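Some notes on the structure that comes next.
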Amino acid sequence: MFYSENTRSILDNPILGTDSYKLSHWVQYPAGTDGMFSYIESRGGKFDRSVMFGLQMILLDFFARRITREDVAIAKEIAAAHGEPFNEAGFLRIVDTHDGYWPLRIRALPEGTVVPAGVPMVTVESTDPELAWAVSYVETLMLQLWYPVTVATLSWSVRKVIASSLDETSDDAASQLPFKLHDFGYRGVSSPQTAARG
């Protein structure tokens, strides 16, 4: 069974970085769909601006890894266990035609950019007319961006409050500010990317 023999392969499989219902989307698009474009933006909320942060780790951890025939075989087995259709031909096209890399153009604002709500931070576009479905397929993984964006936005907002207070109360606000927002909490954070200075 794939769960006992291939656990590591399942965790590293770039095809499986999605919600299981996404496995069926490719059959739901109208015949002849040859392109797709999507974007990620903040719709607003507590803050009217967001700090773009975290895409590089997603690109390196997920998109820089080639999809292999073994990945396709394991994903096909898991799709069957979920009762979902599996686009074996599409994934094999990624392996054979695109050297195992997703045929996508991902564009983004530079890390650290502060952007108003409603402005796209990331866009994703298909580059192979036969694999347009790949854009929505990777949405689940791309939305992992929200955690680091949220942490960066909250930290940026808190830093602004600290800076304002230091401007009123300190003789050397500029040198004190970089060390005021920290928690020495590397062991308690959810990921290395969220560890604060200190």
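Residues are referred to by chain and number: the chain letter is A, B, ... according to the order shown in the structure tokens, the number counts from 1 in that chain, and ligands are numbered separately from 1 in the order shown.
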
Given only C-alpha atoms, how would the per-residue table for segment 24-137 of chain A near segment 143-167 of chain A read, listing every residue at most 12 Å away with its closest atom pair and distance in Å to one decimal, sorted by chain and number, as JSON lines?
```
{"residue": "A:Ser38", "atom": "CA", "partner": "A:Leu143", "partner_atom": "CA", "distance": 11.7}
{"residue": "A:Tyr39", "atom": "CA", "partner": "A:Leu143", "partner_atom": "CA", "distance": 10.2}
{"residue": "A:Ile40", "atom": "CA", "partner": "A:Leu143", "partner_atom": "CA", "distance": 7.8}
{"residue": "A:Glu41", "atom": "CA", "partner": "A:Trp146", "partner_atom": "CA", "distance": 9.7}
{"residue": "A:Ser42", "atom": "CA", "partner": "A:Trp146", "partner_atom": "CA", "distance": 8.9}
{"residue": "A:Arg43", "atom": "CA", "partner": "A:Trp146", "partner_atom": "CA", "distance": 11.7}
{"residue": "A:Gly44", "atom": "CA", "partner": "A:Thr150", "partner_atom": "CA", "distance": 11.5}
{"residue": "A:Gly45", "atom": "CA", "partner": "A:Thr150", "partner_atom": "CA", "distance": 11.0}
{"residue": "A:Lys46", "atom": "CA", "partner": "A:Leu154", "partner_atom": "CA", "distance": 9.6}
{"residue": "A:Phe47", "atom": "CA", "partner": "A:Thr153", "partner_atom": "CA", "distance": 8.0}
{"residue": "A:Asp48", "atom": "CA", "partner": "A:Thr153", "partner_atom": "CA", "distance": 10.0}
{"residue": "A:Arg49", "atom": "CA", "partner": "A:Thr153", "partner_atom": "CA", "distance": 7.7}
{"residue": "A:Ser50", "atom": "CA", "partner": "A:Thr153", "partner_atom": "CA", "distance": 5.2}
{"residue": "A:Val51", "atom": "CA", "partner": "A:Thr153", "partner_atom": "CA", "distance": 4.9}
{"residue": "A:Met52", "atom": "CA", "partner": "A:Val149", "partner_atom": "CA", "distance": 5.7}
{"residue": "A:Phe53", "atom": "CA", "partner": "A:Val149", "partner_atom": "CA", "distance": 5.1}
{"residue": "A:Gly54", "atom": "CA", "partner": "A:Pro148", "partner_atom": "CA", "distance": 5.3}
{"residue": "A:Leu55", "atom": "CA", "partner": "A:Leu145", "partner_atom": "CA", "distance": 6.1}
{"residue": "A:Gln56", "atom": "CA", "partner": "A:Leu145", "partner_atom": "CA", "distance": 9.6}
{"residue": "A:Met57", "atom": "CA", "partner": "A:Leu145", "partner_atom": "CA", "distance": 9.2}
{"residue": "A:Ile58", "atom": "CA", "partner": "A:Leu145", "partner_atom": "CA", "distance": 7.6}
{"residue": "A:Leu59", "atom": "CA", "partner": "A:Leu145", "partner_atom": "CA", "distance": 10.4}
{"residue": "A:Asp61", "atom": "CA", "partner": "A:Gln144", "partner_atom": "CA", "distance": 11.7}
{"residue": "A:Phe62", "atom": "CA", "partner": "A:Gln144", "partner_atom": "CA", "distance": 11.2}
{"residue": "A:Ala108", "atom": "CA", "partner": "A:Leu145", "partner_atom": "CA", "distance": 11.6}
{"residue": "A:Glu111", "atom": "CA", "partner": "A:Val149", "partner_atom": "CA", "distance": 9.7}
{"residue": "A:Gly112", "atom": "CA", "partner": "A:Ala152", "partner_atom": "CA", "distance": 8.2}
{"residue": "A:Thr113", "atom": "CA", "partner": "A:Thr153", "partner_atom": "CA", "distance": 10.3}
{"residue": "A:Val114", "atom": "CA", "partner": "A:Thr153", "partner_atom": "CA", "distance": 8.4}
{"residue": "A:Val115", "atom": "CA", "partner": "A:Thr153", "partner_atom": "CA", "distance": 10.1}
{"residue": "A:Pro116", "atom": "CA", "partner": "A:Thr153", "partner_atom": "CA", "distance": 11.3}
{"residue": "A:Ala117", "atom": "CA", "partner": "A:Thr153", "partner_atom": "CA", "distance": 11.7}
{"residue": "A:Met121", "atom": "CA", "partner": "A:Val149", "partner_atom": "CA", "distance": 10.2}
{"residue": "A:Val122", "atom": "CA", "partner": "A:Leu145", "partner_atom": "CA", "distance": 9.7}
{"residue": "A:Thr123", "atom": "CA", "partner": "A:Leu143", "partner_atom": "CA", "distance": 11.7}
{"residue": "A:Val124", "atom": "CA", "partner": "A:Leu143", "partner_atom": "CA", "distance": 11.7}
{"residue": "A:Ser136", "atom": "CA", "partner": "A:Leu143", "partner_atom": "CA", "distance": 11.0}
{"residue": "A:Tyr137", "atom": "CA", "partner": "A:Leu143", "partner_atom": "CA", "distance": 11.4}
```

With C-alpha atoms retained, could you export that selection as a PDB file, in the first residue's frame?
```pdb
ATOM      1  CA  SER A  38      -5.291  33.923 -11.888  1.00  0.00           C
ATOM      2  CA  TYR A  39      -4.056  36.302  -9.249  1.00  0.00           C
ATOM      3  CA  ILE A  40      -3.657  36.601  -5.499  1.00  0.00           C
ATOM      4  CA  GLU A  41      -4.676  39.766  -3.713  1.00  0.00           C
ATOM      5  CA  SER A  42      -5.736  40.847  -0.262  1.00  0.00           C
ATOM      6  CA  ARG A  43      -9.426  41.674  -0.137  1.00  0.00           C
ATOM      7  CA  GLY A  44      -8.861  43.838   2.916  1.00  0.00           C
ATOM      8  CA  GLY A  45      -9.671  43.219   6.528  1.00  0.00           C
ATOM      9  CA  LYS A  46      -7.986  44.485   9.653  1.00  0.00           C
ATOM     10  CA  PHE A  47      -5.273  46.181   7.579  1.00  0.00           C
ATOM     11  CA  ASP A  48      -5.767  48.163   4.384  1.00  0.00           C
ATOM     12  CA  ARG A  49      -2.290  47.172   3.187  1.00  0.00           C
ATOM     13  CA  SER A  50      -0.348  43.910   3.123  1.00  0.00           C
ATOM     14  CA  VAL A  51       3.341  43.063   3.025  1.00  0.00           C
ATOM     15  CA  MET A  52       4.240  40.696   0.194  1.00  0.00           C
ATOM     16  CA  PHE A  53       6.335  37.950   1.746  1.00  0.00           C
ATOM     17  CA  GLY A  54       6.887  34.214   1.463  1.00  0.00           C
ATOM     18  CA  LEU A  55       6.589  33.375  -2.220  1.00  0.00           C
ATOM     19  CA  GLN A  56      10.276  32.566  -2.634  1.00  0.00           C
ATOM     20  CA  MET A  57      10.086  29.706  -0.147  1.00  0.00           C
ATOM     21  CA  ILE A  58       7.030  28.285  -1.947  1.00  0.00           C
ATOM     22  CA  LEU A  59       8.795  28.513  -5.297  1.00  0.00           C
ATOM     23  CA  ASP A  61      10.156  24.183  -1.919  1.00  0.00           C
ATOM     24  CA  PHE A  62       7.538  23.261  -4.491  1.00  0.00           C
ATOM     25  CA  ALA A 108       5.018  38.699  -8.242  1.00  0.00           C
ATOM     26  CA  GLU A 111       9.312  40.374  -1.319  1.00  0.00           C
ATOM     27  CA  GLY A 112       8.750  43.112   1.267  1.00  0.00           C
ATOM     28  CA  THR A 113       6.582  45.288  -0.972  1.00  0.00           C
ATOM     29  CA  VAL A 114       3.712  46.984   0.894  1.00  0.00           C
ATOM     30  CA  VAL A 115       0.626  46.950  -1.295  1.00  0.00           C
ATOM     31  CA  PRO A 116      -2.939  48.262  -0.851  1.00  0.00           C
ATOM     32  CA  ALA A 117      -5.792  45.771  -0.592  1.00  0.00           C
ATOM     33  CA  MET A 121       0.604  40.518  -5.373  1.00  0.00           C
ATOM     34  CA  VAL A 122       1.047  37.386  -7.510  1.00  0.00           C
ATOM     35  CA  THR A 123      -0.238  36.291 -10.908  1.00  0.00           C
ATOM     36  CA  VAL A 124      -0.166  32.790 -12.358  1.00  0.00           C
ATOM     37  CA  SER A 136      -6.144  26.452 -10.822  1.00  0.00           C
ATOM     38  CA  TYR A 137      -4.565  23.149  -9.775  1.00  0.00           C
TER      39      TYR A 137
END
```

(request) Using backbone DSSP assignments, extract all strand (DSSP E) residues from segment 77-121 of chain A; output them as a list in words. (result) Leu104, Arg105, Ile106, Arg107, Ala108, Val114, Val115 and Pro116 of chain A

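Taking atom CA of Ala31 of chain A as the reference point, atom CA of Asp71 of chain A is found at 26.7 Å.
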
(request) Do a neighbour search on segment 94-96 of chain A at 12 Å with only C-alpha atoms, toss out local chain neighbours closer than 2 positions, and write the hits as an MDAnalysis selection string. (result) chainID A and resid 14:15 65:73 87:92 98:104 127:128 130:134

(request) Please provide as a PyMOL selection string all residues within 9 Å of His82 of chain A, with the sequence filter that same-chain residues fewer than 4 positions apart are discarded (counting only C-alpha atoms). (result) chain A and resi 20-21+77-78

Keeping N, CA, C and O atoms for every residue in the selection just given, could you write it to a file as a PDB file, in the first residue's frame?
```pdb
ATOM      1  N   SER A  20      -7.893  17.649  -2.583  1.00  0.00           N
ATOM      2  CA  SER A  20      -8.217  16.490  -3.417  1.00  0.00           C
ATOM      3  C   SER A  20      -9.295  16.802  -4.453  1.00  0.00           C
ATOM      4  O   SER A  20      -9.296  16.222  -5.535  1.00  0.00           O
ATOM      5  N   TYR A  21     -10.185  17.729  -4.171  1.00  0.00           N
ATOM      6  CA  TYR A  21     -11.217  18.038  -5.165  1.00  0.00           C
ATOM      7  C   TYR A  21     -10.641  18.689  -6.426  1.00  0.00           C
ATOM      8  O   TYR A  21     -11.253  18.647  -7.487  1.00  0.00           O
ATOM      9  N   GLU A  77      -2.614   6.678  -7.815  1.00  0.00           N
ATOM     10  CA  GLU A  77      -3.120   5.720  -6.829  1.00  0.00           C
ATOM     11  C   GLU A  77      -3.907   6.439  -5.728  1.00  0.00           C
ATOM     12  O   GLU A  77      -4.966   5.976  -5.305  1.00  0.00           O
ATOM     13  N   ILE A  78      -3.404   7.570  -5.281  1.00  0.00           N
ATOM     14  CA  ILE A  78      -4.096   8.324  -4.231  1.00  0.00           C
ATOM     15  C   ILE A  78      -5.403   8.903  -4.764  1.00  0.00           C
ATOM     16  O   ILE A  78      -6.430   8.894  -4.075  1.00  0.00           O
TER      17      ILE A  78
END
```

(request) Using backbone DSSP assignments, extract all helix (DSSP H, G or I) residues from chain A; output them as a PyMOL selection string. (result) chain A and resi 2-5+7-12+14-16+20-27+55-63+69-82+88-97+129-131+134-137+139-169+173-179+186-188+192-194

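Distance-wise, atom CA of Asn13 of chain A and atom CA of Glu125 of chain A end up 21.7 Å apart.
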
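Going from atom CA of Phe37 of chain A over to atom CA of Ala75 of chain A, you cover 24.7 Å.
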
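You can rank A:Val138, A:Ala173, A:Ala79, A:Ile74 by their closest distance to Leu11 of chain A using only C-alpha atoms, and at the top of that list sits A:Ile74.
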
(message) I need the residue nearest Pro129 of chain A from this list: A:Pro85, A:Pro110, A:Pro178, A:Gly32. Use only C-alpha atoms for the distance.
(response) A:Gly32
